[in-house]
>>> print(open('target.pdb').read())   # PDB, C-alpha atoms
ATOM      1  CA  MET A  30     -13.036  -5.863   9.809
ATOM      2  CA  THR A  31     -12.379  -8.008  12.906
ATOM      3  CA  THR A  32     -12.412  -7.181  16.580
ATOM      4  CA  LEU A  33      -9.087  -6.855  18.326
ATOM      5  CA  SER A  34      -8.063  -9.824  20.456
ATOM      6  CA  THR A  35      -6.630  -9.398  23.946
ATOM      7  CA  LYS A  36      -3.228 -10.214  22.492
ATOM      8  CA  ASP A  37      -3.619  -7.577  19.770
ATOM      9  CA  LYS A  38      -4.423  -4.938  22.383
ATOM     10  CA  GLN A  39      -1.451  -5.941  24.533
ATOM     11  CA  VAL A  40       0.903  -5.867  21.550
ATOM     12  CA  VAL A  41      -0.376  -2.467  20.388
ATOM     13  CA  LYS A  42      -0.107  -0.938  23.870
ATOM     14  CA  ALA A  43       3.398  -2.339  24.388
ATOM     15  CA  PHE A  44       4.624  -1.154  20.997
ATOM     16  CA  TRP A  45       2.995   2.236  21.468
ATOM     17  CA  ALA A  46       4.779   2.655  24.780
ATOM     18  CA  LYS A  47       8.046   2.143  22.894
ATOM     19  CA  VAL A  48       7.304   4.636  20.123
ATOM     20  CA  SER A  49       5.197   7.336  21.721
ATOM     21  CA  GLY A  50       8.325   9.294  22.596
ATOM     22  CA  GLN A  51       8.964   9.704  18.871
ATOM     23  CA  GLY A  52       5.282  10.240  18.115
ATOM     24  CA  GLU A  53       5.737  13.618  16.462
ATOM     25  CA  GLU A  54       8.498  12.369  14.200
ATOM     26  CA  ILE A  55       6.455   9.336  13.184
ATOM     27  CA  GLY A  56       3.344  11.353  12.424
ATOM     28  CA  THR A  57       5.194  13.999  10.434
ATOM     29  CA  ASP A  58       7.140  11.446   8.412
ATOM     30  CA  ALA A  59       4.007   9.388   7.698
ATOM     31  CA  VAL A  60       2.018  12.416   6.484
ATOM     32  CA  ALA A  61       4.944  13.610   4.344
ATOM     33  CA  ARG A  62       5.341  10.181   2.776
ATOM     34  CA  MET A  63       1.619   9.916   2.142
ATOM     35  CA  LEU A  64       1.612  13.233   0.271
ATOM     36  CA  ARG A  65       4.665  12.245  -1.772
ATOM     37  CA  VAL A  66       3.913   8.595  -2.571
ATOM     38  CA  TYR A  67       0.135   8.987  -2.998
ATOM     39  CA  PRO A  68      -0.270  12.407  -4.629
ATOM     40  CA  GLN A  69      -4.061  12.101  -4.713
ATOM     41  CA  THR A  70      -4.029  12.734  -0.954
ATOM     42  CA  LYS A  71      -2.723  16.238  -1.627
ATOM     43  CA  THR A  72      -6.194  17.184  -2.814
ATOM     44  CA  TYR A  73      -7.264  17.487   0.811
ATOM     45  CA  PHE A  74      -4.568  20.031   1.537
ATOM     46  CA  SER A  75      -4.844  22.471  -1.338
ATOM     47  CA  HIS A  76      -5.070  25.228   1.273
ATOM     48  CA  TRP A  77      -1.461  24.628   2.325
ATOM     49  CA  LYS A  78       1.139  26.580   0.386
ATOM     50  CA  ASP A  79       3.928  24.187   1.237
ATOM     51  CA  ARG A  80       3.286  20.448   1.210
ATOM     52  CA  SER A  81       6.872  19.323   1.642
ATOM     53  CA  ALA A  82       8.128  17.340   4.635
ATOM     54  CA  SER A  83       9.693  20.409   6.233
ATOM     55  CA  SER A  84       6.580  22.558   5.957
ATOM     56  CA  PRO A  85       5.146  23.691   9.307
ATOM     57  CA  ASP A  86       1.651  22.710   8.123
ATOM     58  CA  VAL A  87       2.751  19.145   7.412
ATOM     59  CA  GLN A  88       4.552  18.891  10.730
ATOM     60  CA  LYS A  89       1.599  20.261  12.654
ATOM     61  CA  HIS A  90      -0.702  17.839  10.910
ATOM     62  CA  GLY A  91       1.604  14.921  11.672
ATOM     63  CA  ARG A  92       1.418  15.862  15.351
ATOM     64  CA  THR A  93      -2.372  16.111  15.180
ATOM     65  CA  VAL A  94      -2.682  12.688  13.562
ATOM     66  CA  MET A  95      -0.369  11.048  16.096
ATOM     67  CA  ALA A  96      -2.267  12.616  18.979
ATOM     68  CA  GLY A  97      -5.377  11.005  17.493
ATOM     69  CA  VAL A  98      -3.664   7.611  17.240
ATOM     70  CA  GLY A  99      -2.415   7.906  20.804
ATOM     71  CA  ASP A 100      -5.935   8.743  21.917
ATOM     72  CA  ALA A 101      -7.164   5.648  20.076
ATOM     73  CA  VAL A 102      -4.598   3.468  21.881
ATOM     74  CA  ALA A 103      -5.893   4.778  25.201
ATOM     75  CA  LYS A 104      -9.460   4.044  24.127
ATOM     76  CA  ILE A 105      -8.634   0.725  22.510
ATOM     77  CA  ASP A 106     -11.418  -1.059  24.383
ATOM     78  CA  ASP A 107     -14.095   1.143  22.850
ATOM     79  CA  LEU A 108     -12.907   2.756  19.667
ATOM     80  CA  LYS A 109     -16.373   3.502  18.291
ATOM     81  CA  GLY A 110     -17.472   5.330  21.422
ATOM     82  CA  GLY A 111     -14.111   6.887  22.154
ATOM     83  CA  LEU A 112     -13.581   8.302  18.668
ATOM     84  CA  LEU A 113     -17.134   9.583  18.176
ATOM     85  CA  ASN A 114     -16.118  13.250  17.957
ATOM     86  CA  LEU A 115     -13.333  12.516  15.501
ATOM     87  CA  SER A 116     -15.718  10.455  13.434
ATOM     88  CA  GLU A 117     -18.186  13.323  13.243
ATOM     89  CA  LEU A 118     -15.368  15.671  12.286
ATOM     90  CA  HIS A 119     -14.215  13.406   9.443
ATOM     91  CA  ALA A 120     -17.784  12.670   8.309
ATOM     92  CA  PHE A 121     -19.378  16.089   8.299
ATOM     93  CA  THR A 122     -16.541  18.568   8.089
ATOM     94  CA  LEU A 123     -13.482  16.956   6.539
ATOM     95  CA  ARG A 124     -15.276  14.354   4.427
ATOM     96  CA  VAL A 125     -12.112  12.392   3.748
ATOM     97  CA  ASP A 126     -12.766   9.381   1.523
ATOM     98  CA  PRO A 127     -12.192   6.375   3.828
ATOM     99  CA  ALA A 128      -9.888   4.757   1.248
ATOM    100  CA  ASN A 129      -7.333   7.310   2.383
ATOM    101  CA  PHE A 130      -7.303   5.914   5.933
ATOM    102  CA  LYS A 131      -5.771   2.736   4.481
ATOM    103  CA  ILE A 132      -3.159   4.807   2.701
ATOM    104  CA  LEU A 133      -2.155   6.720   5.835
ATOM    105  CA  SER A 134      -2.101   3.481   7.856
ATOM    106  CA  HIS A 135       0.285   1.930   5.351
ATOM    107  CA  ASN A 136       2.618   4.908   5.637
ATOM    108  CA  LEU A 137       2.482   4.814   9.449
ATOM    109  CA  LEU A 138       3.571   1.163   9.272
ATOM    110  CA  VAL A 139       6.398   1.983   6.840
ATOM    111  CA  VAL A 140       7.704   4.698   9.189
ATOM    112  CA  MET A 141       7.507   2.346  12.172
ATOM    113  CA  ALA A 142       9.520  -0.192  10.180
ATOM    114  CA  THR A 143      12.212   2.361   9.316
ATOM    115  CA  MET A 144      12.473   3.632  12.892
ATOM    116  CA  LEU A 145      12.224   0.382  14.859
ATOM    117  CA  PRO A 146      13.207  -2.411  12.466
ATOM    118  CA  ASN A 147      13.960  -4.901  15.217
ATOM    119  CA  ASP A 148      10.794  -4.237  17.196
ATOM    120  CA  PHE A 149       8.432  -4.128  14.225
ATOM    121  CA  THR A 150       8.217  -7.923  13.948
ATOM    122  CA  PRO A 151       5.520  -9.678  11.879
ATOM    123  CA  GLU A 152       3.485 -10.192  15.068
ATOM    124  CA  VAL A 153       3.619  -6.501  15.931
ATOM    125  CA  HIS A 154       2.879  -5.678  12.287
ATOM    126  CA  VAL A 155      -0.312  -7.744  12.179
ATOM    127  CA  SER A 156      -1.643  -6.329  15.462
ATOM    128  CA  MET A 157      -0.837  -2.717  14.462
ATOM    129  CA  ASP A 158      -2.399  -3.260  11.033
ATOM    130  CA  LYS A 159      -5.566  -4.623  12.636
ATOM    131  CA  PHE A 160      -5.582  -1.744  15.136
ATOM    132  CA  LEU A 161      -5.221   0.936  12.479
ATOM    133  CA  ALA A 162      -7.961  -0.742  10.431
ATOM    134  CA  ALA A 163     -10.199  -0.696  13.514
ATOM    135  CA  VAL A 164      -9.425   3.009  14.031
ATOM    136  CA  ALA A 165     -10.274   3.692  10.382
ATOM    137  CA  LEU A 166     -13.545   1.840  10.819
ATOM    138  CA  ALA A 167     -14.394   3.858  13.933
ATOM    139  CA  LEU A 168     -13.569   7.069  12.041
ATOM    140  CA  SER A 169     -15.932   6.063   9.219
ATOM    141  CA  GLU A 170     -18.718   5.268  11.671
ATOM    142  CA  LYS A 171     -20.664   8.496  11.140
ATOM    143  CA  TYR A 172     -20.195   8.759   7.368
ATOM    144  CA  ARG A 173     -23.597   7.348   6.460
TER     145      ARG A 173
ATOM    146  CA  MET B  17     -17.444   8.849 -34.466
ATOM    147  CA  SER B  18     -19.027   8.255 -37.856
ATOM    148  CA  PRO B  19     -18.784  11.411 -39.987
ATOM    149  CA  ALA B  20     -22.093  10.485 -41.625
ATOM    150  CA  LEU B  21     -24.044  11.200 -38.386
ATOM    151  CA  PRO B  22     -25.609  14.659 -38.233
ATOM    152  CA  ASP B  23     -23.796  16.666 -35.571
ATOM    153  CA  THR B  24     -26.667  18.027 -33.569
ATOM    154  CA  PHE B  25     -26.007  19.714 -30.254
ATOM    155  CA  ALA B  26     -28.009  17.028 -28.426
ATOM    156  CA  GLN B  27     -25.957  14.219 -29.927
ATOM    157  CA  LYS B  28     -22.686  15.946 -29.076
ATOM    158  CA  ALA B  29     -23.824  16.502 -25.515
ATOM    159  CA  LEU B  30     -25.022  12.928 -25.150
ATOM    160  CA  THR B  31     -21.771  11.487 -26.513
ATOM    161  CA  ALA B  32     -19.679  13.743 -24.301
ATOM    162  CA  SER B  33     -21.582  12.919 -21.157
ATOM    163  CA  LEU B  34     -21.660   9.179 -21.914
ATOM    164  CA  SER B  35     -17.947   9.057 -22.464
ATOM    165  CA  LEU B  36     -17.319  11.104 -19.340
ATOM    166  CA  ALA B  37     -19.614   8.817 -17.352
ATOM    167  CA  LEU B  38     -17.767   5.771 -18.662
ATOM    168  CA  ARG B  39     -14.400   7.271 -17.818
ATOM    169  CA  LEU B  40     -15.618   8.191 -14.329
ATOM    170  CA  ILE B  41     -17.010   4.696 -13.706
ATOM    171  CA  LEU B  42     -13.800   3.036 -14.891
ATOM    172  CA  PHE B  43     -11.681   5.523 -12.977
ATOM    173  CA  ASP B  44     -13.723   5.192  -9.798
ATOM    174  CA  GLY B  45     -13.674   1.413 -10.011
ATOM    175  CA  CYS B  46      -9.940   1.417 -10.407
ATOM    176  CA  LEU B  47      -9.483   4.083  -7.753
ATOM    177  CA  SER B  48     -10.985   1.960  -5.054
ATOM    178  CA  GLU B  49      -8.655  -0.867  -6.028
ATOM    179  CA  CYS B  50      -5.697   1.420  -6.312
ATOM    180  CA  ARG B  51      -3.369   1.819  -3.370
ATOM    181  CA  SER B  52      -0.642   3.555  -5.247
ATOM    182  CA  ALA B  53      -1.129   6.815  -7.060
ATOM    183  CA  GLN B  54       1.517   5.694  -9.526
ATOM    184  CA  THR B  55      -0.834   3.112 -10.966
ATOM    185  CA  TRP B  56      -3.364   5.852 -11.795
ATOM    186  CA  GLY B  57      -1.417   6.643 -14.910
ATOM    187  CA  LEU B  58      -1.111   2.985 -15.778
ATOM    188  CA  ILE B  59      -4.751   2.116 -15.423
ATOM    189  CA  THR B  60      -6.206   5.151 -17.123
ATOM    190  CA  SER B  61      -3.662   5.195 -19.952
ATOM    191  CA  THR B  62      -4.059   3.044 -23.025
ATOM    192  CA  ALA B  63      -2.566  -0.410 -23.007
ATOM    193  CA  ASP B  64       0.223   0.582 -25.368
ATOM    194  CA  LYS B  65       1.619   3.511 -23.404
ATOM    195  CA  MET B  66       5.027   2.773 -21.905
ATOM    196  CA  VAL B  67       5.840   3.470 -18.295
ATOM    197  CA  VAL B  68       8.262   6.363 -18.042
ATOM    198  CA  TRP B  69      11.066   6.032 -15.505
ATOM    199  CA  THR B  70      13.093   8.982 -14.308
ATOM    200  CA  ASP B  71      16.854   8.590 -13.878
ATOM    201  CA  PHE B  72      16.363   8.764 -10.125
ATOM    202  CA  GLU B  73      13.776   5.970 -10.201
ATOM    203  CA  ARG B  74      15.983   3.749 -12.347
ATOM    204  CA  SER B  75      19.074   4.189 -10.246
ATOM    205  CA  THR B  76      17.107   3.824  -6.996
ATOM    206  CA  ILE B  77      15.616   0.498  -8.070
ATOM    207  CA  GLN B  78      18.946  -0.816  -9.386
ATOM    208  CA  ASP B  79      20.659   0.306  -6.200
ATOM    209  CA  ILE B  80      18.164  -1.273  -3.812
ATOM    210  CA  PHE B  81      18.138  -4.628  -5.572
ATOM    211  CA  SER B  82      21.889  -4.800  -6.162
ATOM    212  CA  LYS B  83      22.519  -4.392  -2.430
ATOM    213  CA  MET B  84      19.747  -6.790  -1.417
ATOM    214  CA  ASP B  85      20.299 -10.291  -0.071
ATOM    215  CA  TYR B  86      17.509 -12.136  -1.859
ATOM    216  CA  GLU B  87      17.778 -15.043   0.525
ATOM    217  CA  VAL B  88      17.032 -12.810   3.489
ATOM    218  CA  VAL B  89      14.553 -10.332   2.055
ATOM    219  CA  GLY B  90      12.533 -12.864   0.049
ATOM    220  CA  PRO B  91      11.740 -15.157   2.976
ATOM    221  CA  ALA B  92      11.181 -12.137   5.275
ATOM    222  CA  ALA B  93       8.624 -10.634   2.896
ATOM    223  CA  LEU B  94       6.759 -13.867   2.241
ATOM    224  CA  THR B  95       6.644 -14.910   5.908
ATOM    225  CA  ARG B  96       5.418 -11.447   6.860
ATOM    226  CA  CYS B  97       2.679 -11.693   4.218
ATOM    227  CA  LEU B  98       1.556 -15.129   5.455
ATOM    228  CA  ILE B  99       1.446 -13.843   9.050
ATOM    229  CA  VAL B 100      -0.092 -10.408   8.516
ATOM    230  CA  TYR B 101      -2.596 -11.583   5.870
ATOM    231  CA  PRO B 102      -3.234 -15.203   6.903
ATOM    232  CA  TRP B 103      -5.719 -15.828   4.094
ATOM    233  CA  THR B 104      -2.762 -15.811   1.713
ATOM    234  CA  GLN B 105      -1.842 -19.197   3.209
ATOM    235  CA  ARG B 106      -4.544 -20.695   1.019
ATOM    236  CA  TYR B 107      -2.036 -20.998  -1.821
ATOM    237  CA  PHE B 108       0.475 -22.964   0.216
ATOM    238  CA  GLY B 109      -1.530 -25.964   1.369
ATOM    239  CA  ASN B 110       1.306 -28.340   0.592
ATOM    240  CA  PHE B 111       3.959 -26.318   2.439
ATOM    241  CA  GLY B 112       3.480 -28.200   5.707
ATOM    242  CA  ASN B 113       3.329 -26.453   9.065
ATOM    243  CA  LEU B 114       1.969 -22.897   8.852
ATOM    244  CA  TYR B 115       0.044 -23.013  12.124
ATOM    245  CA  ASN B 116       1.623 -20.019  13.804
ATOM    246  CA  ALA B 117       4.141 -17.245  13.217
ATOM    247  CA  ALA B 118       7.049 -19.308  14.573
ATOM    248  CA  ALA B 119       6.191 -22.237  12.319
ATOM    249  CA  ILE B 120       5.917 -19.971   9.279
ATOM    250  CA  MET B 121       9.209 -18.250  10.016
ATOM    251  CA  GLY B 122      10.969 -21.596  10.442
ATOM    252  CA  ASN B 123       9.415 -23.262   7.425
ATOM    253  CA  PRO B 124      12.081 -24.088   4.787
ATOM    254  CA  MET B 125       9.577 -24.317   1.900
ATOM    255  CA  VAL B 126       8.362 -20.800   2.673
ATOM    256  CA  ALA B 127      11.945 -19.550   2.780
ATOM    257  CA  LYS B 128      12.757 -21.173  -0.550
ATOM    258  CA  HIS B 129       9.661 -19.743  -2.170
ATOM    259  CA  GLY B 130      10.421 -16.295  -0.825
ATOM    260  CA  THR B 131      13.789 -16.414  -2.561
ATOM    261  CA  THR B 132      12.133 -17.631  -5.775
ATOM    262  CA  ILE B 133       9.795 -14.632  -5.711
ATOM    263  CA  LEU B 134      12.700 -12.191  -5.307
ATOM    264  CA  HIS B 135      14.491 -13.773  -8.266
ATOM    265  CA  GLY B 136      11.275 -13.238 -10.202
ATOM    266  CA  LEU B 137      11.394  -9.542  -9.266
ATOM    267  CA  ASP B 138      15.012  -9.454 -10.323
ATOM    268  CA  ARG B 139      13.868 -10.162 -13.885
ATOM    269  CA  GLY B 140      11.826  -7.007 -13.740
ATOM    270  CA  VAL B 141      14.723  -4.987 -12.369
ATOM    271  CA  LYS B 142      16.753  -6.040 -15.406
ATOM    272  CA  ASN B 143      13.923  -5.235 -17.851
ATOM    273  CA  MET B 144      12.320  -2.103 -16.482
ATOM    274  CA  ASP B 145      11.436  -0.852 -19.945
ATOM    275  CA  ASP B 146       9.316  -3.826 -20.869
ATOM    276  CA  LEU B 147       7.759  -5.269 -17.750
ATOM    277  CA  LYS B 148       4.604  -6.179 -19.676
ATOM    278  CA  THR B 149       6.452  -8.735 -21.829
ATOM    279  CA  THR B 150       8.797  -9.811 -19.032
ATOM    280  CA  TYR B 151       5.894 -10.926 -16.857
ATOM    281  CA  ALA B 152       3.484 -12.197 -19.531
ATOM    282  CA  GLU B 153       4.379 -15.837 -18.942
ATOM    283  CA  LEU B 154       4.341 -15.523 -15.145
ATOM    284  CA  SER B 155       0.989 -13.771 -15.405
ATOM    285  CA  VAL B 156      -0.477 -16.703 -17.300
ATOM    286  CA  LEU B 157       1.043 -19.095 -14.768
ATOM    287  CA  HIS B 158      -0.434 -17.257 -11.771
ATOM    288  CA  SER B 159      -3.813 -17.029 -13.448
ATOM    289  CA  GLU B 160      -4.280 -20.321 -15.267
ATOM    290  CA  LYS B 161      -2.271 -22.706 -13.156
ATOM    291  CA  LEU B 162      -1.886 -21.242  -9.678
ATOM    292  CA  HIS B 163      -5.248 -19.412  -9.605
ATOM    293  CA  VAL B 164      -3.922 -16.641  -7.397
ATOM    294  CA  ASP B 165      -6.280 -13.720  -6.730
ATOM    295  CA  PRO B 166      -4.327 -10.717  -8.085
ATOM    296  CA  ASP B 167      -5.185  -8.717  -4.937
ATOM    297  CA  ASN B 168      -2.586 -10.862  -3.218
ATOM    298  CA  PHE B 169       0.170  -9.305  -5.318
ATOM    299  CA  LYS B 170      -0.569  -5.955  -3.647
ATOM    300  CA  LEU B 171      -0.481  -7.538  -0.192
ATOM    301  CA  LEU B 172       2.898  -9.125  -0.849
ATOM    302  CA  SER B 173       4.313  -5.934  -2.321
ATOM    303  CA  ASP B 174       3.207  -3.976   0.771
ATOM    304  CA  CYS B 175       5.029  -6.488   2.967
ATOM    305  CA  LEU B 176       8.113  -6.274   0.756
ATOM    306  CA  THR B 177       8.015  -2.481   1.037
ATOM    307  CA  ILE B 178       7.969  -2.767   4.829
ATOM    308  CA  VAL B 179      10.832  -5.280   4.895
ATOM    309  CA  VAL B 180      12.974  -3.041   2.681
ATOM    310  CA  ALA B 181      11.992  -0.004   4.793
ATOM    311  CA  ALA B 182      13.185  -1.842   7.902
ATOM    312  CA  GLN B 183      16.469  -2.723   6.201
ATOM    313  CA  LEU B 184      17.223   0.745   4.852
ATOM    314  CA  GLY B 185      15.933   2.763   7.804
ATOM    315  CA  LYS B 186      16.382   6.499   7.275
ATOM    316  CA  ALA B 187      17.782   5.838   3.782
ATOM    317  CA  PHE B 188      14.284   4.761   2.776
ATOM    318  CA  THR B 189      13.187   8.330   2.198
ATOM    319  CA  ALA B 190       9.809   9.354   0.793
ATOM    320  CA  GLU B 191      11.439   9.724  -2.653
ATOM    321  CA  VAL B 192      12.942   6.247  -2.475
ATOM    322  CA  GLN B 193       9.631   4.850  -1.234
ATOM    323  CA  ALA B 194       7.807   6.468  -4.153
ATOM    324  CA  ALA B 195      10.223   4.926  -6.674
ATOM    325  CA  PHE B 196      10.115   1.506  -5.027
ATOM    326  CA  GLN B 197       6.322   1.425  -4.789
ATOM    327  CA  LYS B 198       5.993   2.616  -8.392
ATOM    328  CA  PHE B 199       8.206  -0.256  -9.568
ATOM    329  CA  LEU B 200       6.216  -2.803  -7.562
ATOM    330  CA  ALA B 201       2.944  -1.334  -8.818
ATOM    331  CA  VAL B 202       4.029  -1.795 -12.441
ATOM    332  CA  VAL B 203       5.150  -5.369 -11.726
ATOM    333  CA  VAL B 204       1.834  -6.092 -10.009
ATOM    334  CA  SER B 205      -0.049  -4.612 -12.948
ATOM    335  CA  SER B 206       1.962  -6.727 -15.421
ATOM    336  CA  LEU B 207       1.297  -9.863 -13.408
ATOM    337  CA  GLY B 208      -2.405  -9.170 -13.549
ATOM    338  CA  ARG B 209      -2.553  -8.494 -17.276
ATOM    339  CA  GLN B 210      -3.152 -12.005 -18.560
ATOM    340  CA  TYR B 211      -6.034 -12.740 -16.209
ATOM    341  CA  HIS B 212      -9.359 -13.162 -17.913
TER     342      HIS B 212
END
>>> encode(input="target.pdb", output="structure tokens")
Amino acid sequence: MTTLSTKDKQVVKAFWAKVSGQGEEIGTDAVARMLRVYPQTKTYFSHWKDRSASSPDVQKHGRTVMAGVGDAVAKIDDLKGGLLNLSELHAFTLRVDPANFKILSHNLLVVMATMLPNDFTPEVHVSMDKFLAAVALALSEKYR
Amino acid sequence: MSPALPDTFAQKALTASLSLALRLILFDGCLSECRSAQTWGLITSTADKMVVWTDFERSTIQDIFSKMDYEVVGPAALTRCLIVYPWTQRYFGNFGNLYNAAAIMGNPMVAKHGTTILHGLDRGVKNMDDLKTTYAELSVLHSEKLHVDPDNFKLLSDCLTIVVAAQLGKAFTAEVQAAFQKFLAVVVSSLGRQYH
């Protein structure tokens, strides 16, 4: 979509510093919500026996996703280059339809709102939304 | 299918694959528009099928809205929408100063309109079993008079979801979120019905 402004990057880094301590919780909750509220996303996890919020697979995956987001924050000045390996993984191995990145982003934002209602102001919301969209774009880079 | 047509294998196969292709095209087109899985059922079902609400969904929606301060949540959702998706400001040219987040959040016309929108949702909360009819008039209004791109309804409902999530915190569980987003998806679908 658009490139991130200096302000966007500052806002994302500052907010991330506040939440990274709860990174695991955020990731797990977001993945669990995604699977519950958007059941079509479950199709990518048919190999998991248990797709509930308490399942170890879901929790592990939440941690994996958040580690990826944290990595993206660190590489915010060059998402395309920085996320090259992840993009190849999603393009050639996982082949996740990019529409699902939007869905997961939405759920990440919902969890952030529930956990830090006073910090997740409209300004933080817009910068995080732009950031997650930029990450999604970088992840789709190698698709075709 | 006309019973007079000879039922050759080729014709059967052609009909089956054409209808499957059509369903796939429609489905795929809708899928890329669709943010909520709940609307799958709505879009692919026939126009006359009613939305089925579970007891949990009904009571969750009633509960959320009965405890809500429309004059806080409405303005919060609309201001968030205008800030996070600035192109939505195109519909509010006569609202005065929308130049930055502070101006939007302090704008009394925005606040008033936010409350109006929530009262509009309230109508749906009270008529969950016939949202189609409830929103027919408003759908015509948004289409014929206001000329609002129906995609904007999804943007506003996402912002409303986030505002309610912030208010309820941990109480906004995945189950509650699913019920809330399903309700908004049906409202959004009803608002889009009269567009042509």
>>> resolve_selection(input="target.pdb", expression="the ChimeraX specification (/B :<6) & /A", output="count of residues only")
9
>>> resolve_selection(input="target.pdb", expression="the PyMOL selection byres ((chain A and resi 87-94) around 8)", output="ChimeraX atom specification")
/A:52-61,80-86,95-98
>>> atom_distance(input="target.pdb", atom1="atom CA of A:Gly110", atom2="atom CA of A:Leu137")
23.3 Å
>>> resolve_selection(input="target.pdb", expression="the PyMOL selection byres ((chain B and resi 127) around 10)", output="compact mmCIF listing (two decimals) with C-alpha atoms, in the coordinates of the input")
# COMPACT_ATOMS: atom_id res chain seq x y z
CA GLU B 87 17.78 -15.04 0.52
CA VAL B 88 17.03 -12.81 3.49
CA VAL B 89 14.55 -10.33 2.06
CA GLY B 90 12.53 -12.86 0.05
CA PRO B 91 11.74 -15.16 2.98
CA ALA B 92 11.18 -12.14 5.28
CA ALA B 93 8.62 -10.63 2.90
CA LEU B 94 6.76 -13.87 2.24
CA THR B 95 6.64 -14.91 5.91
CA ILE B 120 5.92 -19.97 9.28
CA MET B 121 9.21 -18.25 10.02
CA GLY B 122 10.97 -21.60 10.44
CA ASN B 123 9.41 -23.26 7.42
CA PRO B 124 12.08 -24.09 4.79
CA MET B 125 9.58 -24.32 1.90
CA VAL B 126 8.36 -20.80 2.67
CA LYS B 128 12.76 -21.17 -0.55
CA HIS B 129 9.66 -19.74 -2.17
CA GLY B 130 10.42 -16.30 -0.82
CA THR B 131 13.79 -16.41 -2.56
CA THR B 132 12.13 -17.63 -5.78
>>> closest_residue(input="target.pdb", among="B:Phe199, B:Trp69, B:Tyr86, B:Trp103", to="B:Leu171", atoms="all atoms listed in the file")
B:Trp103
>>> closest_residue(input="target.pdb", among="A:Leu112, A:Ala103, A:Met144, A:Leu166", to="A:Asn129", atoms="all atoms listed in the file")
A:Leu166
>>> closest_residue(input="target.pdb", among="B:Gln210, B:Ser205, B:Thr70, B:Ser75", to="B:Glu153", atoms="only C-alpha atoms")
B:Gln210
>>> atom_distance(input="target.pdb", atom1="atom CA of B:Lys170", atom2="atom CA of B:Thr104")
11.4 Å
>>> atom_distance(input="target.pdb", atom1="atom CA of A:Pro127", atom2="atom CA of A:Asp107")
19.8 Å
>>> axis_aligned_box(input="target.pdb", around="stretch 47-57 of chain A", padding_each_side="4 Å", output="lines of an AutoDock Vina configuration file")
center_x = 6.2
center_y = 8.1
center_z = 16.7
size_x = 13.6
size_y = 19.9
size_z = 20.5
>>> closest_residue(input="target.pdb", among="A:Leu168, A:Leu133, A:Ala163, A:Val140", to="A:Asp106", atoms="all atoms listed in the file")
A:Ala163
>>> residues_around(input="target.pdb", residues="stretch 140-147 of chain B", least_positions_apart="5", cutoff="7 Å", atoms="all atoms listed in the file", output="list in words")
Gln78, Val203 and Ser206 of chain B
>>> residues_near_point(input="target.pdb", point="(-6.6, -0.3, 10.5)", cutoff="9 Å", atoms="only C-alpha atoms", output="PyMOL selection string")
chain A and resi 30+130-131+134-135+157-166
>>> closest_residue(input="target.pdb", among="A:Met63, A:Val102, A:Leu108, A:Leu115", to="A:Phe44", atoms="only C-alpha atoms")
A:Val102
